[in-house]
Amino acid sequence: MVKFGLDLTIWPWTYKSFDEVFRISSLAEKLGIDSLWFSDHLMYTVPGQGSLESFSSLAAVASRTKEITLGTKVICASFRHPGLVAKIGATLDIISHGRLILGIGAGWYKREFDAYGIPFEGRVSRMYETVKIIKKLWTEHSVNYEGRFYKLKEAVCSPKPLQKPHPPVWIAAEKPRMMRITAEIGDGWIAINPKVEDFRRKWSFIQNHAAKAGREENRIETACYMYASLAQTSEEAWRIAERDILPERRRAMNPDVSLRELGEICLIGNPDEWIERIEDYIESGAQNIIVKIVPFEQHRLELYAEKVISYFKEQLI
């Protein structure tokens, strides 16, 4: 059964206070959204815009919700010591009564690294060590670790998370080395704005390497994350995508990306068009669809829940 998530990261919202995040979170849970997510940036790709810190934001949302899954999409491993991530993650899992998914990645926005004096080189290896250490701290009484970047001696993380053996760790991966790491130690894989064929190919790559590592493919959950424009009509959705999504994606990805190419990596259209695209991703192996609705407005969330999500849930009846 496919599950559906919503990215709560502030941009491109206009909001007056965090109370709006509380309101949207409660509404999302009421409408049957499966998960809520916050991304992790010290600086944002949109000039003059920013985002809130992910862990503290999710802790606040946890206090106002009861059942909806809470995830980081995704924290940058280089921004925090793995011992701190383990402690914060365990705390959030306890606060939320066992609802955390730790999404993690190596980071990609070099300007952000440079601005804060964080080394950009070695970030993949640093992430690999981070995931290994976090899992050890969550499951072992005392941890000793000797790595290239981190050294732990009789380190203890207590109390442990509620989820056993530990909260799932999902890795955002696009390139071969990151995908091999996902296959080896990830509990889930997050694909960011993938084309359908790319998703299918990369998931096959991860499955093959997981088998070589002696892991069963059902041990790795798959998630497809996409920027999204949803409206009653296709024309309106595409106008919004061209106005609001295309400029940001050109800044972040490629200044030459076209509107047509944007449509291959984002969900754009009316509910029927969304359903058709999502079915392609599901057929390719996606188990979770996580969307960043641009611009975020309540009626678009309701359209997502009542027309798109309800369609897939009705297929199970």
# chains A, B, ... in the order shown; residues from 1 in each chain; ligands from 1

$ residues_around --residues "region 233-243 of chain A" --least-positions-apart "5" --cutoff "10 Å" --atoms "only C-alpha atoms" --output "PyMOL selection string"
chain A and resi 227-228+248+258-260+262-263+266-274+294-295

$ residues_around --residues "Trp108 (chain A)" --least-positions-apart "3" --cutoff "10 Å" --atoms "only C-alpha atoms" --output "tab-separated table (two decimals) with C-alpha atoms, in the first residue's frame"
chain	number	residue	atom	x	y	z
A	76	CYS	CA	22.61	17.06	6.32
A	105	GLY	CA	21.86	12.83	3.26
A	111	ARG	CA	27.36	27.61	-1.11
A	112	GLU	CA	25.79	26.66	2.21
A	113	PHE	CA	28.83	24.62	3.25
A	120	PHE	CA	32.35	20.03	1.36
A	123	ARG	CA	30.80	14.63	2.94
A	252	ALA	CA	19.11	25.03	-7.40

$ residues_around --residues "Arg80 (chain A)" --least-positions-apart "5" --cutoff "12 Å" --atoms "only C-alpha atoms" --output "number ranges by chain"
A: 40-42, 55, 75, 85-89, 104, 106, 118, 126-127, 130-131, 134, 150

$ atom_distance --atom1 "CA of Ser142 (chain A)" --atom2 "CA of Lys160 (chain A)"
11.7 Å

$ select_by_dssp --residues "region 200-301 of chain A" --states "strand (DSSP E)" --output "VMD selection string"
chain A and resid 221 to 230 267 to 269 288 to 293

$ write_last_selection --atoms "all heavy atoms" --output "CSV table (one decimal), in the first residue's frame"
chain,number,residue,atom,x,y,z
A,221,GLU,N,12.7,0.5,2.4
A,221,GLU,CA,11.5,1.2,2.0
A,221,GLU,C,11.8,2.3,1.0
A,221,GLU,O,12.9,2.9,1.1
A,221,GLU,CB,10.7,1.7,3.2
A,221,GLU,CG,9.3,2.1,2.8
A,221,GLU,CD,8.4,2.2,4.1
A,221,GLU,OE1,8.9,1.8,5.2
A,221,GLU,OE2,7.3,2.7,4.0
A,222,THR,N,11.0,2.5,0.0
A,222,THR,CA,11.3,3.5,-1.0
A,222,THR,C,10.3,4.7,-0.9
A,222,THR,O,9.1,4.5,-0.6
A,222,THR,CB,11.1,2.9,-2.4
A,222,THR,OG1,9.8,2.4,-2.6
A,222,THR,CG2,12.1,1.7,-2.6
A,223,ALA,N,10.9,5.8,-1.2
A,223,ALA,CA,10.1,7.1,-1.1
A,223,ALA,C,10.5,8.0,-2.3
A,223,ALA,O,11.7,8.1,-2.6
A,223,ALA,CB,10.3,7.8,0.2
A,224,CYS,N,9.5,8.6,-2.9
A,224,CYS,CA,9.7,9.5,-4.0
A,224,CYS,C,9.3,10.9,-3.6
A,224,CYS,O,8.1,11.1,-3.2
A,224,CYS,CB,8.9,9.0,-5.2
A,224,CYS,SG,9.1,10.1,-6.7
A,225,TYR,N,10.2,11.8,-3.5
A,225,TYR,CA,9.9,13.2,-3.1
A,225,TYR,C,9.9,14.1,-4.3
A,225,TYR,O,10.8,14.1,-5.1
A,225,TYR,CB,10.9,13.7,-2.1
A,225,TYR,CG,10.8,15.1,-1.7
A,225,TYR,CD1,10.0,15.6,-0.7
A,225,TYR,CD2,11.5,16.1,-2.5
A,225,TYR,CE1,9.9,16.9,-0.4
A,225,TYR,CE2,11.4,17.4,-2.2
A,225,TYR,CZ,10.6,17.9,-1.2
A,225,TYR,OH,10.5,19.2,-0.9
A,226,MET,N,8.8,14.9,-4.4
A,226,MET,CA,8.7,15.8,-5.6
A,226,MET,C,8.1,17.2,-5.2
A,226,MET,O,7.2,17.3,-4.4
A,226,MET,CB,7.9,15.2,-6.6
A,226,MET,CG,8.5,14.0,-7.3
A,226,MET,SD,7.4,13.2,-8.5
A,226,MET,CE,6.3,12.3,-7.4
A,227,TYR,N,8.7,18.2,-5.8
A,227,TYR,CA,8.0,19.5,-5.8
A,227,TYR,C,6.7,19.3,-6.6
A,227,TYR,O,6.6,18.5,-7.6
A,227,TYR,CB,8.8,20.6,-6.5
A,227,TYR,CG,9.8,21.2,-5.6
A,227,TYR,CD1,10.9,20.5,-5.1
A,227,TYR,CD2,9.8,22.6,-5.4
A,227,TYR,CE1,11.8,21.1,-4.3
A,227,TYR,CE2,10.7,23.2,-4.5
A,227,TYR,CZ,11.7,22.4,-4.0
A,227,TYR,OH,12.6,23.0,-3.2
A,228,ALA,N,5.6,20.0,-6.3
A,228,ALA,CA,4.3,19.7,-6.9
A,228,ALA,C,3.4,20.9,-7.0
A,228,ALA,O,3.4,21.8,-6.2
A,228,ALA,CB,3.6,18.6,-6.0
A,229,SER,N,2.7,20.9,-8.1
A,229,SER,CA,1.7,21.9,-8.3
A,229,SER,C,0.4,21.2,-8.6
A,229,SER,O,0.3,20.5,-9.6
A,229,SER,CB,2.1,22.8,-9.5
A,229,SER,OG,1.1,23.8,-9.8
A,230,LEU,N,-0.6,21.5,-7.8
A,230,LEU,CA,-1.9,20.8,-7.9
A,230,LEU,C,-3.0,21.9,-8.0
A,230,LEU,O,-3.1,22.8,-7.2
A,230,LEU,CB,-2.2,19.9,-6.7
A,230,LEU,CG,-3.5,19.2,-6.7
A,230,LEU,CD1,-3.6,18.2,-7.9
A,230,LEU,CD2,-3.6,18.4,-5.3
A,267,LEU,N,5.4,16.8,-9.9
A,267,LEU,CA,4.0,16.5,-10.1
A,267,LEU,C,3.3,17.8,-10.4
A,267,LEU,O,3.2,18.7,-9.6
A,267,LEU,CB,3.4,15.8,-8.8
A,267,LEU,CG,3.7,14.4,-8.6
A,267,LEU,CD1,3.1,13.9,-7.2
A,267,LEU,CD2,3.1,13.5,-9.7
A,268,ILE,N,2.8,17.9,-11.6
A,268,ILE,CA,2.1,19.1,-12.1
A,268,ILE,C,0.8,18.7,-12.8
A,268,ILE,O,0.9,17.8,-13.7
A,268,ILE,CB,3.0,19.9,-13.0
A,268,ILE,CG1,4.3,20.2,-12.4
A,268,ILE,CG2,2.3,21.1,-13.5
A,268,ILE,CD1,5.4,20.9,-13.3
A,269,GLY,N,-0.3,19.3,-12.4
A,269,GLY,CA,-1.5,19.0,-13.1
A,269,GLY,C,-2.7,19.0,-12.2
A,269,GLY,O,-2.7,19.4,-11.0
A,288,ASN,N,6.3,5.3,-1.1
A,288,ASN,CA,5.9,6.5,-0.4
A,288,ASN,C,6.0,7.6,-1.4
A,288,ASN,O,6.9,7.7,-2.2
A,288,ASN,CB,6.8,6.8,0.8
A,288,ASN,CG,6.7,5.8,1.9
A,288,ASN,OD1,5.9,6.0,2.9
A,288,ASN,ND2,7.4,4.7,1.8
A,289,ILE,N,5.0,8.5,-1.5
A,289,ILE,CA,5.0,9.7,-2.3
A,289,ILE,C,4.9,10.9,-1.4
A,289,ILE,O,4.0,11.0,-0.6
A,289,ILE,CB,3.8,9.7,-3.3
A,289,ILE,CG1,3.7,8.5,-4.2
A,289,ILE,CG2,3.8,11.0,-4.1
A,289,ILE,CD1,4.9,8.4,-5.1
A,290,ILE,N,6.0,11.7,-1.4
A,290,ILE,CA,6.0,12.9,-0.5
A,290,ILE,C,6.1,14.1,-1.4
A,290,ILE,O,6.9,14.2,-2.3
A,290,ILE,CB,7.3,12.8,0.4
A,290,ILE,CG1,7.4,11.5,1.2
A,290,ILE,CG2,7.4,14.1,1.3
A,290,ILE,CD1,8.7,11.3,1.8
A,291,VAL,N,5.2,15.1,-1.2
A,291,VAL,CA,5.1,16.2,-2.0
A,291,VAL,C,5.3,17.5,-1.3
A,291,VAL,O,5.0,17.7,-0.1
A,291,VAL,CB,3.7,16.3,-2.8
A,291,VAL,CG1,3.5,15.1,-3.7
A,291,VAL,CG2,2.6,16.4,-1.8
A,292,LYS,N,5.9,18.5,-2.0
A,292,LYS,CA,6.0,19.8,-1.6
A,292,LYS,C,5.1,20.7,-2.4
A,292,LYS,O,5.4,21.0,-3.6
A,292,LYS,CB,7.5,20.3,-1.7
A,292,LYS,CG,7.7,21.7,-1.2
A,292,LYS,CD,9.1,22.2,-1.4
A,292,LYS,CE,9.4,23.5,-0.8
A,292,LYS,NZ,9.5,23.4,0.7
A,293,ILE,N,3.9,21.0,-1.9
A,293,ILE,CA,2.9,21.6,-2.7
A,293,ILE,C,3.2,23.1,-2.8
A,293,ILE,O,3.4,23.8,-1.8
A,293,ILE,CB,1.5,21.4,-2.1
A,293,ILE,CG1,1.1,19.9,-2.1
A,293,ILE,CG2,0.4,22.2,-2.9
A,293,ILE,CD1,-0.2,19.6,-1.4

$ closest_residue --among "A:Gly98, A:Pro247, A:Gly83, A:Gly32" --to "Lys313 (chain A)" --atoms "only C-alpha atoms"
A:Gly32

$ atom_distance --atom1 "CA of Glu217 (chain A)" --atom2 "CA of Gln287 (chain A)"
12.6 Å

$ select_by_dssp --residues "region 102-265 of chain A" --states "helix (DSSP H, G or I)" --output "ChimeraX atom specification"
/A:110-115,123-139,176-185,196-212,217-219,234-252,259-265

$ closest_residue --among "A:Leu162, A:Leu52, A:Ala286, A:Ile220" --to "Arg200 (chain A)" --atoms "only C-alpha atoms"
A:Ala286

$ residues_around --residues "His141 (chain A)" --least-positions-apart "5" --cutoff "10 Å" --atoms "only C-alpha atoms" --output "ChimeraX atom specification"
/A:136,154-158,160

$ decode --residues "region 114-211 of chain A" --atoms "C-alpha atoms" --output "PDB file, in the first residue's frame"
ATOM      1  CA  ASP A 114      31.208  27.398   2.225  1.00  0.00           C
ATOM      2  CA  ALA A 115      29.225  30.101   4.020  1.00  0.00           C
ATOM      3  CA  TYR A 116      29.520  28.276   7.338  1.00  0.00           C
ATOM      4  CA  GLY A 117      33.043  26.949   6.874  1.00  0.00           C
ATOM      5  CA  ILE A 118      31.903  23.306   6.729  1.00  0.00           C
ATOM      6  CA  PRO A 119      34.120  21.049   4.563  1.00  0.00           C
ATOM      7  CA  PHE A 120      32.345  20.033   1.357  1.00  0.00           C
ATOM      8  CA  GLU A 121      34.870  17.386   0.439  1.00  0.00           C
ATOM      9  CA  GLY A 122      34.458  14.055   2.199  1.00  0.00           C
ATOM     10  CA  ARG A 123      30.800  14.635   2.945  1.00  0.00           C
ATOM     11  CA  VAL A 124      29.689  11.216   1.627  1.00  0.00           C
ATOM     12  CA  SER A 125      32.203   9.373   3.795  1.00  0.00           C
ATOM     13  CA  ARG A 126      31.211  11.561   6.731  1.00  0.00           C
ATOM     14  CA  MET A 127      27.565  10.628   6.202  1.00  0.00           C
ATOM     15  CA  TYR A 128      28.434   6.933   6.046  1.00  0.00           C
ATOM     16  CA  GLU A 129      30.200   7.122   9.408  1.00  0.00           C
ATOM     17  CA  THR A 130      27.329   9.173  10.838  1.00  0.00           C
ATOM     18  CA  VAL A 131      24.692   6.563   9.982  1.00  0.00           C
ATOM     19  CA  LYS A 132      26.828   3.731  11.352  1.00  0.00           C
ATOM     20  CA  ILE A 133      27.421   5.603  14.625  1.00  0.00           C
ATOM     21  CA  ILE A 134      23.785   6.633  15.073  1.00  0.00           C
ATOM     22  CA  LYS A 135      22.577   3.051  14.711  1.00  0.00           C
ATOM     23  CA  LYS A 136      25.187   1.856  17.184  1.00  0.00           C
ATOM     24  CA  LEU A 137      24.263   4.513  19.736  1.00  0.00           C
ATOM     25  CA  TRP A 138      20.579   3.642  19.368  1.00  0.00           C
ATOM     26  CA  THR A 139      21.087  -0.093  19.862  1.00  0.00           C
ATOM     27  CA  GLU A 140      24.248  -0.658  21.936  1.00  0.00           C
ATOM     28  CA  HIS A 141      24.816   0.122  25.603  1.00  0.00           C
ATOM     29  CA  SER A 142      28.280   1.599  25.050  1.00  0.00           C
ATOM     30  CA  VAL A 143      29.883   2.503  21.725  1.00  0.00           C
ATOM     31  CA  ASN A 144      33.501   2.530  20.656  1.00  0.00           C
ATOM     32  CA  TYR A 145      34.187   3.716  17.127  1.00  0.00           C
ATOM     33  CA  GLU A 146      37.351   4.583  15.235  1.00  0.00           C
ATOM     34  CA  GLY A 147      36.756   6.233  11.886  1.00  0.00           C
ATOM     35  CA  ARG A 148      38.269   8.791   9.562  1.00  0.00           C
ATOM     36  CA  PHE A 149      36.043  11.600  10.820  1.00  0.00           C
ATOM     37  CA  TYR A 150      34.703  10.479  14.184  1.00  0.00           C
ATOM     38  CA  LYS A 151      36.116   8.678  17.198  1.00  0.00           C
ATOM     39  CA  LEU A 152      33.936   7.523  20.084  1.00  0.00           C
ATOM     40  CA  LYS A 153      35.118   5.921  23.316  1.00  0.00           C
ATOM     41  CA  GLU A 154      32.536   4.294  25.593  1.00  0.00           C
ATOM     42  CA  ALA A 155      29.876   6.693  24.324  1.00  0.00           C
ATOM     43  CA  VAL A 156      26.361   6.141  25.667  1.00  0.00           C
ATOM     44  CA  CYS A 157      23.026   7.339  24.273  1.00  0.00           C
ATOM     45  CA  SER A 158      20.352   7.003  26.927  1.00  0.00           C
ATOM     46  CA  PRO A 159      17.409   6.754  26.929  1.00  0.00           C
ATOM     47  CA  LYS A 160      17.047   4.747  23.751  1.00  0.00           C
ATOM     48  CA  PRO A 161      14.379   5.484  21.100  1.00  0.00           C
ATOM     49  CA  LEU A 162      10.991   3.833  21.527  1.00  0.00           C
ATOM     50  CA  GLN A 163      11.074   2.144  18.115  1.00  0.00           C
ATOM     51  CA  LYS A 164      12.946  -1.156  18.094  1.00  0.00           C
ATOM     52  CA  PRO A 165      15.548  -1.918  17.077  1.00  0.00           C
ATOM     53  CA  HIS A 166      15.664   1.806  16.210  1.00  0.00           C
ATOM     54  CA  PRO A 167      13.808   4.443  14.172  1.00  0.00           C
ATOM     55  CA  PRO A 168      14.173   3.813  10.446  1.00  0.00           C
ATOM     56  CA  VAL A 169      17.027   5.648   8.755  1.00  0.00           C
ATOM     57  CA  TRP A 170      16.198   6.634   5.189  1.00  0.00           C
ATOM     58  CA  ILE A 171      19.022   7.854   2.962  1.00  0.00           C
ATOM     59  CA  ALA A 172      18.606  10.389   0.171  1.00  0.00           C
ATOM     60  CA  ALA A 173      20.713   9.064  -2.689  1.00  0.00           C
ATOM     61  CA  GLU A 174      21.073   9.895  -6.363  1.00  0.00           C
ATOM     62  CA  LYS A 175      24.586   8.873  -7.391  1.00  0.00           C
ATOM     63  CA  PRO A 176      26.098   5.355  -7.417  1.00  0.00           C
ATOM     64  CA  ARG A 177      28.205   5.647  -4.257  1.00  0.00           C
ATOM     65  CA  MET A 178      25.310   6.986  -2.190  1.00  0.00           C
ATOM     66  CA  MET A 179      23.022   4.314  -3.618  1.00  0.00           C
ATOM     67  CA  ARG A 180      25.508   1.603  -2.658  1.00  0.00           C
ATOM     68  CA  ILE A 181      25.596   2.985   0.886  1.00  0.00           C
ATOM     69  CA  THR A 182      21.785   2.955   0.931  1.00  0.00           C
ATOM     70  CA  ALA A 183      21.833  -0.671  -0.190  1.00  0.00           C
ATOM     71  CA  GLU A 184      24.310  -1.556   2.544  1.00  0.00           C
ATOM     72  CA  ILE A 185      23.001   0.303   5.623  1.00  0.00           C
ATOM     73  CA  GLY A 186      19.818   2.208   4.742  1.00  0.00           C
ATOM     74  CA  ASP A 187      16.374   1.271   6.050  1.00  0.00           C
ATOM     75  CA  GLY A 188      14.869   3.366   3.287  1.00  0.00           C
ATOM     76  CA  TRP A 189      15.749   5.249   0.119  1.00  0.00           C
ATOM     77  CA  ILE A 190      14.528   8.759  -0.701  1.00  0.00           C
ATOM     78  CA  ALA A 191      14.686   9.778  -4.356  1.00  0.00           C
ATOM     79  CA  ILE A 192      14.540  13.549  -4.870  1.00  0.00           C
ATOM     80  CA  ASN A 193      12.603  14.831  -7.890  1.00  0.00           C
ATOM     81  CA  PRO A 194      13.313  11.741 -10.029  1.00  0.00           C
ATOM     82  CA  LYS A 195      12.050  10.979 -13.488  1.00  0.00           C
ATOM     83  CA  VAL A 196      10.042   7.746 -13.555  1.00  0.00           C
ATOM     84  CA  GLU A 197      12.663   5.884 -15.570  1.00  0.00           C
ATOM     85  CA  ASP A 198      15.456   7.153 -13.328  1.00  0.00           C
ATOM     86  CA  PHE A 199      13.560   5.984 -10.261  1.00  0.00           C
ATOM     87  CA  ARG A 200      13.082   2.519 -11.759  1.00  0.00           C
ATOM     88  CA  ARG A 201      16.728   2.233 -12.797  1.00  0.00           C
ATOM     89  CA  LYS A 202      18.127   3.452  -9.492  1.00  0.00           C
ATOM     90  CA  TRP A 203      15.848   1.242  -7.430  1.00  0.00           C
ATOM     91  CA  SER A 204      17.013  -1.769  -9.458  1.00  0.00           C
ATOM     92  CA  PHE A 205      20.616  -0.697  -8.777  1.00  0.00           C
ATOM     93  CA  ILE A 206      19.951  -0.516  -5.024  1.00  0.00           C
ATOM     94  CA  GLN A 207      18.159  -3.874  -5.017  1.00  0.00           C
ATOM     95  CA  ASN A 208      21.070  -5.548  -6.798  1.00  0.00           C
ATOM     96  CA  HIS A 209      23.636  -4.149  -4.397  1.00  0.00           C
ATOM     97  CA  ALA A 210      21.472  -4.987  -1.394  1.00  0.00           C
ATOM     98  CA  ALA A 211      21.370  -8.599  -2.569  1.00  0.00           C
TER      99      ALA A 211
END
